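Enquirer: Next comes the structure file query_33.txt, holding compact mmCIF, C-alpha atoms.
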# COMPACT_ATOMS: atom_id res chain seq x y z
CA MET A 1 -33.32 -26.03 64.27
CA LEU A 2 -29.69 -26.69 65.05
CA SER A 3 -28.74 -25.26 61.67
CA ALA A 4 -30.87 -22.19 62.33
CA TYR A 5 -29.26 -21.84 65.74
CA PHE A 6 -25.83 -22.05 64.10
CA ASP A 7 -26.80 -19.37 61.66
CA ASN A 8 -28.10 -17.21 64.50
CA GLU A 9 -31.57 -17.15 63.05
CA LEU A 10 -33.53 -18.16 66.15
CA SER A 11 -35.46 -15.94 68.47
CA GLY A 12 -34.33 -15.50 72.02
CA ILE A 13 -36.60 -18.19 73.47
CA GLN A 14 -35.77 -20.70 70.74
CA LYS A 15 -32.11 -19.98 71.20
CA ALA A 16 -32.34 -20.60 74.92
CA VAL A 17 -34.13 -23.89 74.34
CA VAL A 18 -31.46 -25.09 71.96
CA GLU A 19 -28.68 -24.03 74.27
CA LYS A 20 -30.26 -25.91 77.12
CA HIS A 21 -30.57 -28.97 74.91
CA LEU A 22 -26.95 -28.70 73.82
CA GLN A 23 -25.83 -29.00 77.43
CA SER A 24 -27.20 -32.50 77.60
CA CYS A 25 -26.82 -33.71 73.98
CA PRO A 26 -23.30 -34.62 72.80
CA VAL A 27 -24.60 -35.46 69.31
CA CYS A 28 -25.90 -31.97 68.73
CA ARG A 29 -22.74 -30.48 70.17
CA ALA A 30 -20.66 -32.57 67.79
CA THR A 31 -22.93 -31.55 64.92
CA LEU A 32 -22.49 -27.95 65.87
CA ASP A 33 -18.73 -28.42 65.96
CA LEU A 34 -18.88 -29.96 62.50
CA PHE A 35 -20.83 -26.96 61.21
CA GLN A 36 -18.17 -24.71 62.63
CA THR A 37 -15.42 -26.78 61.05
CA GLN A 38 -17.09 -26.63 57.66
CA ARG A 39 -17.52 -22.91 57.92
CA GLU A 40 -13.86 -22.44 58.75
CA ILE A 41 -12.85 -24.60 55.82
CA LEU A 42 -14.98 -22.58 53.46
CA ARG A 43 -13.54 -19.36 54.79
CA ARG A 44 -10.02 -20.49 54.18
CA ASP A 45 -10.53 -20.06 50.45
CA SER A 46 -8.80 -23.31 49.76
CA SER A 47 -9.79 -26.07 47.44
CA GLU A 48 -8.25 -28.62 49.72
CA ILE A 49 -10.27 -29.71 52.69
CA PRO A 50 -7.91 -30.43 55.56
CA GLU A 51 -8.41 -33.68 57.29
CA ASN A 52 -9.71 -33.65 60.80
CA PRO A 53 -10.21 -37.33 61.52
CA ASP A 54 -10.58 -37.01 65.26
CA ARG A 55 -13.47 -34.65 65.12
CA LEU A 56 -15.20 -36.61 62.39
CA LYS A 57 -14.70 -39.86 64.30
CA GLU A 58 -16.14 -38.26 67.38
CA PHE A 59 -19.16 -37.09 65.44
CA TRP A 60 -19.89 -40.43 63.82
CA SER A 61 -19.34 -42.16 67.11
CA TYR A 62 -21.97 -40.03 68.78
CA ALA A 63 -24.23 -40.15 65.77
CA GLY A 64 -24.02 -43.94 65.65
CA LYS A 65 -24.81 -44.32 69.30
CA SER A 66 -27.63 -41.91 69.06
CA ARG A 67 -29.09 -43.61 66.00
CA LEU A 68 -28.87 -46.99 67.61
CA GLY A 69 -30.37 -45.69 70.76
CA ARG A 70 -33.27 -44.08 69.01
CA ILE A 71 -34.32 -47.00 66.88
CA HIS A 72 -37.45 -48.30 68.47
CA GLY A 73 -40.24 -50.40 67.28
CA PRO A 74 -43.16 -49.04 65.29
CA ARG A 75 -44.89 -46.34 67.17
CA ARG A 76 -48.59 -45.77 66.81
CA VAL A 77 -50.01 -42.33 67.31
CA ALA A 78 -53.70 -41.91 67.84
CA VAL A 79 -55.08 -39.18 65.57
CA PRO A 80 -58.77 -38.33 65.53
CA MET A 81 -60.45 -39.32 62.26
CA PRO A 82 -61.84 -35.83 61.41
CA LEU A 83 -58.38 -34.34 61.89
CA ALA A 84 -56.79 -37.01 59.70
CA VAL A 85 -59.36 -36.48 56.93
CA ALA A 86 -58.89 -32.72 57.11
CA ALA A 87 -55.12 -33.08 56.90
CA ALA A 88 -55.42 -35.40 53.89
CA LEU A 89 -57.77 -32.98 52.12
CA ALA A 90 -55.49 -30.05 52.86
CA LEU A 91 -52.53 -31.95 51.49
CA ALA A 92 -54.45 -32.88 48.32
CA LEU A 93 -55.62 -29.31 47.84
CA ALA A 94 -52.12 -27.95 48.29
CA THR A 95 -50.83 -30.45 45.73
CA VAL A 96 -53.45 -29.43 43.15
CA LEU A 97 -52.94 -25.72 43.74
CA ASN A 98 -49.25 -26.15 43.34
CA PHE A 99 -49.69 -27.08 39.68
CA LEU A 100 -52.26 -24.42 38.79
CA PRO A 101 -51.12 -21.12 37.27
CA ILE A 102 -52.08 -18.45 39.73
CA GLY A 103 -51.69 -14.73 39.13
CA GLY A 104 -48.34 -13.81 37.72
CA ARG A 105 -46.85 -17.18 38.45
CA LYS A 106 -44.73 -18.48 35.61
CA THR A 107 -45.74 -21.78 34.12
CA SER A 108 -43.40 -24.18 32.49
CA ASP A 109 -44.31 -22.95 28.99
CA THR A 110 -43.57 -19.35 29.86
CA PRO A 111 -40.30 -18.45 28.25
CA MET A 112 -37.71 -17.41 30.72
CA ILE A 113 -36.31 -14.00 30.03
CA VAL A 114 -32.74 -13.73 31.06
CA GLU A 115 -31.43 -10.25 31.11
CA THR A 116 -27.80 -10.25 30.26
CA ILE A 117 -25.36 -7.46 30.63
CA PRO A 118 -24.57 -6.27 27.12
CA GLN A 119 -21.11 -7.03 25.94
CA SER A 120 -19.29 -3.77 26.08
CA PRO A 121 -15.89 -4.12 24.53
CA THR A 122 -13.25 -1.77 25.67
CA VAL A 123 -12.16 -0.01 22.53
CA VAL A 124 -8.66 1.30 22.35
CA SER A 125 -8.40 3.47 19.32
CA PHE A 126 -6.63 6.43 17.90
CA THR A 127 -9.23 8.77 16.56
CA ILE A 128 -8.94 11.96 14.60
CA SER A 129 -11.43 14.58 13.61
CA PRO A 130 -12.32 15.23 9.95
CA GLY A 131 -10.39 18.48 10.15
CA GLU A 132 -7.23 16.55 10.93
CA LEU A 133 -7.67 14.19 8.00
CA ASP A 134 -5.27 16.04 5.72
CA ASP A 135 -2.63 16.13 8.44
CA PHE A 136 -3.14 12.45 9.08
CA PHE A 137 -2.50 11.55 5.45
CA ALA A 138 0.38 13.97 5.27
CA VAL A 139 1.99 12.10 8.15
CA LEU A 140 1.40 8.81 6.38
CA GLU A 141 2.85 10.18 3.17
CA GLY A 142 5.86 11.35 5.10
CA VAL A 143 6.49 7.82 6.34
CA GLN A 144 7.13 6.29 2.98
CA VAL A 145 6.19 8.16 -0.14
CA SER A 146 7.69 11.24 -1.64
CA ASN A 147 5.02 13.87 -1.30
CA ALA A 148 5.62 16.30 -4.09
CA ASP A 149 4.00 19.68 -4.33
CA SER A 150 0.45 19.66 -5.55
CA ILE A 151 1.17 22.22 -8.31
CA HIS A 152 3.78 21.27 -10.89
CA THR A 153 5.28 23.72 -13.28
CA LEU A 154 5.64 22.72 -16.88
CA PRO A 155 8.53 24.13 -18.88
CA ALA A 156 7.23 27.28 -20.51
CA GLU A 157 8.57 26.33 -23.91
CA LEU A 158 6.42 23.20 -24.15
CA PRO A 159 3.60 23.84 -26.60
CA VAL A 160 0.55 22.53 -24.77
CA ALA A 161 -2.64 22.27 -26.79
CA ARG A 162 -6.09 20.82 -26.46
CA PHE A 163 -6.74 17.89 -28.74
CA GLY A 164 -10.23 17.05 -27.62
CA ASP A 165 -12.24 15.96 -24.64
CA PRO A 166 -10.47 14.35 -21.72
CA LEU A 167 -10.04 10.63 -22.13
CA ILE A 168 -9.56 7.91 -19.56
CA VAL A 169 -8.56 4.51 -20.93
CA ARG A 170 -6.65 1.34 -20.20
CA PRO A 171 -3.26 0.94 -21.85
CA ASN A 172 -4.26 -2.25 -23.65
CA SER A 173 -7.12 -0.42 -25.34
CA PHE A 174 -4.52 0.98 -27.74
CA GLU A 175 -3.25 -2.40 -28.81
CA GLY A 176 -3.86 -2.91 -32.48
CA ALA A 177 -4.64 0.74 -32.97
CA PRO A 178 -2.95 2.39 -35.93
CA MET B 179 -14.63 4.57 5.22
CA ALA B 180 -16.14 3.89 8.54
CA LEU B 181 -17.35 6.77 10.63
CA ARG B 182 -18.68 6.62 14.11
CA ALA B 183 -19.86 9.03 16.71
CA GLN B 184 -17.31 9.37 19.45
CA ASP B 185 -19.46 11.10 22.01
CA ASN B 186 -22.80 12.75 22.50
CA SER B 187 -21.65 16.23 21.66
CA GLY B 188 -22.36 15.70 17.99
CA SER B 189 -18.76 15.68 16.91
CA ILE B 190 -17.57 13.04 14.47
CA SER B 191 -14.29 11.26 14.79
CA LEU B 192 -12.49 8.87 12.51
CA ASN B 193 -10.85 5.74 13.70
CA ALA B 194 -7.23 5.71 12.62
CA ASP B 195 -7.07 1.94 12.27
CA GLU B 196 -10.06 1.93 9.97
CA LEU B 197 -8.61 4.80 7.97
CA LEU B 198 -5.40 2.89 7.59
CA ARG B 199 -7.25 -0.21 6.44
CA ASP B 200 -9.12 1.79 3.81
CA ALA B 201 -6.17 3.92 2.77
CA LEU B 202 -5.03 3.80 -0.84
CA LEU B 203 -1.73 4.75 -2.36
CA PHE B 204 -2.62 6.78 -5.43
CA THR B 205 0.25 7.16 -7.88
CA VAL B 206 0.13 9.42 -10.91
CA ASP B 207 2.99 9.48 -13.41
CA VAL B 208 2.61 12.60 -15.49
CA ASP B 209 4.31 12.45 -18.90
CA VAL B 210 4.52 15.18 -21.48
CA ALA B 211 5.58 13.96 -24.91
CA TYR B 212 4.97 14.52 -28.58
CA PRO B 213 1.96 12.58 -29.79
CA GLY B 214 2.86 9.08 -30.83
CA GLY B 215 6.48 9.62 -29.96
CA ASP B 216 8.60 7.72 -27.49
CA ARG B 217 10.65 10.72 -26.46
CA GLN B 218 9.58 12.04 -23.11
CA LEU B 219 9.89 15.79 -22.77
CA TRP B 220 8.92 16.19 -19.17
CA ASN B 221 7.62 13.99 -16.41
CA THR B 222 6.86 13.95 -12.71
CA ARG B 223 5.41 11.55 -10.20
CA VAL B 224 2.69 12.37 -7.71
CA GLU B 225 2.08 9.98 -4.85
CA LYS B 226 -0.77 10.60 -2.48
CA ILE B 227 -2.46 8.59 0.20
CA THR B 228 -6.18 8.88 0.31
CA ILE B 229 -9.35 6.98 1.07
CA PRO B 230 -12.38 6.33 -1.13
CA GLY B 231 -14.34 9.53 -1.50
CA ARG B 232 -11.41 11.87 -0.83
CA ALA B 233 -10.10 13.60 -3.92
CA VAL B 234 -6.48 13.78 -4.97
CA GLU B 235 -5.59 16.92 -6.86
CA VAL B 236 -2.93 17.15 -9.53
CA SER B 237 -2.20 20.56 -11.03
CA LEU B 238 0.09 21.53 -13.90
CA GLU B 239 0.98 25.05 -14.85
CA GLY B 240 2.61 25.98 -18.14
CA GLY B 241 3.27 29.14 -20.09
CA ASP B 242 -0.30 29.79 -21.18
CA SER B 243 -1.98 26.76 -19.75
CA ARG B 244 -3.13 25.41 -16.48
CA LEU B 245 -4.58 21.97 -15.76
CA THR B 246 -6.22 20.93 -12.53
CA VAL B 247 -7.49 17.38 -12.18
CA ASN B 248 -9.28 15.97 -9.15
CA PHE B 249 -9.20 12.20 -8.97
CA THR B 250 -11.65 10.53 -6.64
CA LEU B 251 -12.05 6.83 -6.04
CA TYR B 252 -15.34 5.29 -5.01
CA PRO B 253 -16.03 1.70 -3.99
CA ALA B 254 -17.55 -0.33 -6.81
CA GLU B 255 -18.67 -3.91 -7.31
CA ASP B 256 -16.35 -6.93 -7.31
CA SER B 257 -13.69 -5.26 -5.16
CA ARG B 258 -13.13 -2.65 -7.81
CA LEU B 259 -13.06 1.10 -7.58
CA LEU B 260 -14.66 3.72 -9.72
CA LEU B 261 -12.12 6.31 -10.70
CA VAL B 262 -13.74 9.67 -11.31
CA ALA B 263 -11.64 12.42 -12.87
CA ARG B 264 -12.87 15.99 -12.82
CA SER B 265 -10.71 18.27 -14.88
CA GLU B 266 -10.55 22.01 -15.33
CA THR B 267 -8.24 23.31 -18.02
CA TRP B 268 -7.22 26.72 -19.20
CA VAL B 269 -5.36 26.52 -22.50
CA ALA B 270 -4.65 29.64 -24.50
CA GLY B 271 -7.33 31.51 -22.60
CA GLU B 272 -9.97 28.87 -23.19
CA TYR B 273 -11.61 27.22 -20.21
CA SER B 274 -13.01 23.72 -20.22
CA SER B 275 -14.20 21.29 -17.60
CA ALA B 276 -15.10 17.64 -17.87
CA LEU B 277 -16.00 14.64 -15.81
CA SER B 278 -14.79 11.16 -16.76
CA SER B 279 -14.98 7.85 -14.97
CA LEU B 280 -13.68 4.33 -15.36
CA PRO B 281 -13.87 1.24 -13.11
CA VAL B 282 -10.39 0.21 -12.05
CA ALA B 283 -8.87 -2.63 -10.09
CA TYR B 284 -5.98 -2.48 -7.69
CA HIS B 285 -2.57 -2.50 -9.39
CA ASP B 286 -4.14 -1.91 -12.81
CA GLU B 287 -2.74 1.01 -14.74
CA VAL B 288 -5.03 3.43 -16.53
CA TYR B 289 -4.18 6.46 -18.64
CA TYR B 290 -5.86 9.82 -18.36
CA TYR B 291 -5.43 12.44 -21.07
CA PRO B 292 -6.75 15.74 -19.69
CA LEU B 293 -6.40 17.49 -23.05
CA GLY B 294 -7.48 14.57 -25.20
CA ARG B 295 -5.39 12.45 -27.51
CA ALA B 296 -3.64 13.49 -30.69
CA GLU B 297 -3.77 11.14 -33.66
CA ASN B 298 -0.28 11.88 -34.89
CA GLY B 299 2.36 14.40 -34.21
CA GLY B 300 5.93 15.40 -34.70
CA ASP B 301 8.64 17.36 -33.04
CA ASP B 302 7.01 20.61 -34.04
CA SER B 303 3.48 19.71 -32.99
CA PRO B 304 1.85 20.46 -29.63
CA VAL B 305 2.68 18.09 -26.82
CA GLU B 306 0.37 15.54 -25.28
CA VAL B 307 -0.17 15.26 -21.53
CA ARG B 308 -0.71 11.78 -20.18
CA MET B 309 -1.33 10.75 -16.59
CA ALA B 310 -0.70 7.09 -15.79
CA ILE B 311 -2.61 6.12 -12.67
CA ILE B 312 -2.14 3.13 -10.38
CA VAL B 313 -4.08 2.47 -7.17
CA VAL B 314 -2.75 0.13 -4.51
CA PRO B 315 -3.98 -0.54 -0.95
CA TYR B 316 -1.67 1.48 1.22
CA LEU B 317 -1.01 -1.31 3.73
CA GLU B 318 0.35 -3.49 0.93
CA THR B 319 3.07 -0.96 0.30
CA LEU B 320 4.40 -0.93 3.85
CA ASP B 321 7.28 -3.09 4.95
CA GLU B 322 7.38 -4.47 8.49
CA GLU B 323 9.47 -1.64 9.82
CA ALA B 324 7.10 1.01 8.49
CA ARG B 325 4.11 -0.86 9.89
CA ALA B 326 5.77 -1.14 13.29
CA SER B 327 6.51 2.57 13.38
CA LEU B 328 2.93 3.38 12.45
CA GLU B 329 1.48 1.05 15.06
CA SER B 330 3.81 2.54 17.63
CA ALA B 331 2.68 6.04 16.73
CA PHE B 332 -0.97 5.00 16.97
CA ASN B 333 -0.53 3.19 20.26
CA SER B 334 1.16 6.16 21.84
CA SER B 335 -1.77 8.32 20.79
CA ALA B 336 -4.52 5.84 21.64
CA GLN B 337 -7.57 6.92 23.56
CA PHE B 338 -9.59 4.66 25.80
CA ASP B 339 -13.26 4.67 24.96
CA LEU B 340 -15.01 3.26 27.98
CA SER B 341 -18.46 4.47 27.04
CA GLY B 342 -19.61 0.92 26.51
CA GLU B 343 -21.22 1.80 23.22
CA ASP B 344 -20.63 -0.59 20.41
CA PRO B 345 -18.18 0.84 17.94
Once more with this new file: its structure as structure tokens, please.

Expert:
Amino acid sequence: MLSAYFDNELSGIQKAVVEKHLQSCPVCRATLDLFQTQREILRRDSSEIPENPDRLKEFWSYAGKSRLGRIHGPRRVAVPMPLAVAAALALALATVLNFLPIGGRKTSDTPMIVETIPQSPTVVSFTISPGELDDFFAVLEGVQVSNADSIHTLPAELPVARFGDPLIVRPNSFEGAP
Amino acid sequence: MALRAQDNSGSISLNADELLRDALLFTVDVDVAYPGGDRQLWNTRVEKITIPGRAVEVSLEGGDSRLTVNFTLYPAEDSRLLLVARSETWVAGEYSSALSSLPVAYHDEVYYYPLGRAENGGDDSPVEVRMAIIVVPYLETLDEEARASLESAFNSSAQFDLSGEDP
């Protein structure tokens, strides 16, 4: 309840009860102070936990006294038999129900589906459209190669003739040929 | 060649890095000589950068002749390319077209004779046209300085695709 009070999760009446108790209980006050210290440490965004020996000593001092003071002998509580039997049955029933698959409850053999965010690489690219393809290669050709005109003029006096069908061959295919 | 949709508007864009990776330096040395002779009468070199599937055109025009050859490379098995040559020739008013193909490897030289081969010839016979072709991956031809200038040009033109779609 002290933790719930610290987290401001109690109703007004519960809160008032705890506050009244805190006035007379140094152990709970020290515990509350420790909670506050831990919260401040976490908020500092630091991996190092600063030492606060005085406050810790104070807490353990109170806690030790309190623990010693509260250790008593075995205490017997009289519980009516029907109530005890009913509580035992309820506990057994709750234990059995806990292991039964109910409704949409996932059992241990149900595969767990983990939805992951698809890997979306950030692509940095230089893209061109198909219409720019010729320009692209013209730029490349301008970098290194000598891009001659696509139409070449043969000397007019050269007697060009057709000898047969076009032929595509490897140079070594002529080796040994007459 | 890798293509991918850039956006939902239906337009297609090409990734420059992928184009560069697939780019080929296509070199054609055109020689005109008498059949069987060593004496070269005329020659020129054509160097083009292309990618598989994109044709490279070489055209020659003479007195009464015209030759147009489209070379296209296609990916083939065992890291080879299929060289397809489509020729259209007009010689002495006669038109002819043909399609030839040959698997080639990088750095291997092949010869293409658009008007066929002559068995023998002399100084007074018609000339023979030969095209010596070599294909090399374009990136292999770049020195470090050229690569750096290209990367710089690409980086300065880069676009950020934050659509989250897998490329």

Enquirer: Just need the residues of chain A within 6 Å of chain B, counting all atoms listed in the file, so spit them out as a ChimeraX atom specification.

Expert: /A:120,122-129,150-154,156,159-170

Enquirer: Between CA of Asn248 in chain B and CA of Asn172 in chain A, what is the spacing in Å?

Expert: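 Value for the CA of Asn172 in chain A-CA of Asn248 in chain B distance: 23.8 Å.
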
Enquirer: Between CA of Cys28 in chain A and CA of Arg44 in chain A, what is the distance, to one decimal in Å?

Expert: 24.4 Å

Enquirer: Please, what distance in Å, to one decimal, runs between CA of Pro315 in chain B and CA of Phe204 in chain B?

Expert: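 Here the two named atoms are 8.7 Å from each other.
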
Enquirer: Within 6 Å of (-6.9, 0.9, -5.4), all atoms listed in the file: residues as a PDB file with C-alpha atoms, in the coordinates of the input?

Expert:
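Wrote it out as out-v3.pdb, contents follow:
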ATOM      1  CA  LEU B 202      -5.030   3.800  -0.840  1.00  0.00           C
ATOM      2  CA  TYR B 284      -5.980  -2.480  -7.690  1.00  0.00           C
ATOM      3  CA  VAL B 313      -4.080   2.470  -7.170  1.00  0.00           C
ATOM      4  CA  VAL B 314      -2.750   0.130  -4.510  1.00  0.00           C
ATOM      5  CA  PRO B 315      -3.980  -0.540  -0.950  1.00  0.00           C
TER       6      PRO B 315
END

Enquirer: Measuring atom to atom with all atoms listed in the file, identify which of B:Leu260, B:Tyr273, B:Asp216, B:Glu329 is nearest to Leu317 in chain B.

Expert: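 That would be B:Glu329, the residue with the smallest distance to Leu317 in chain B.
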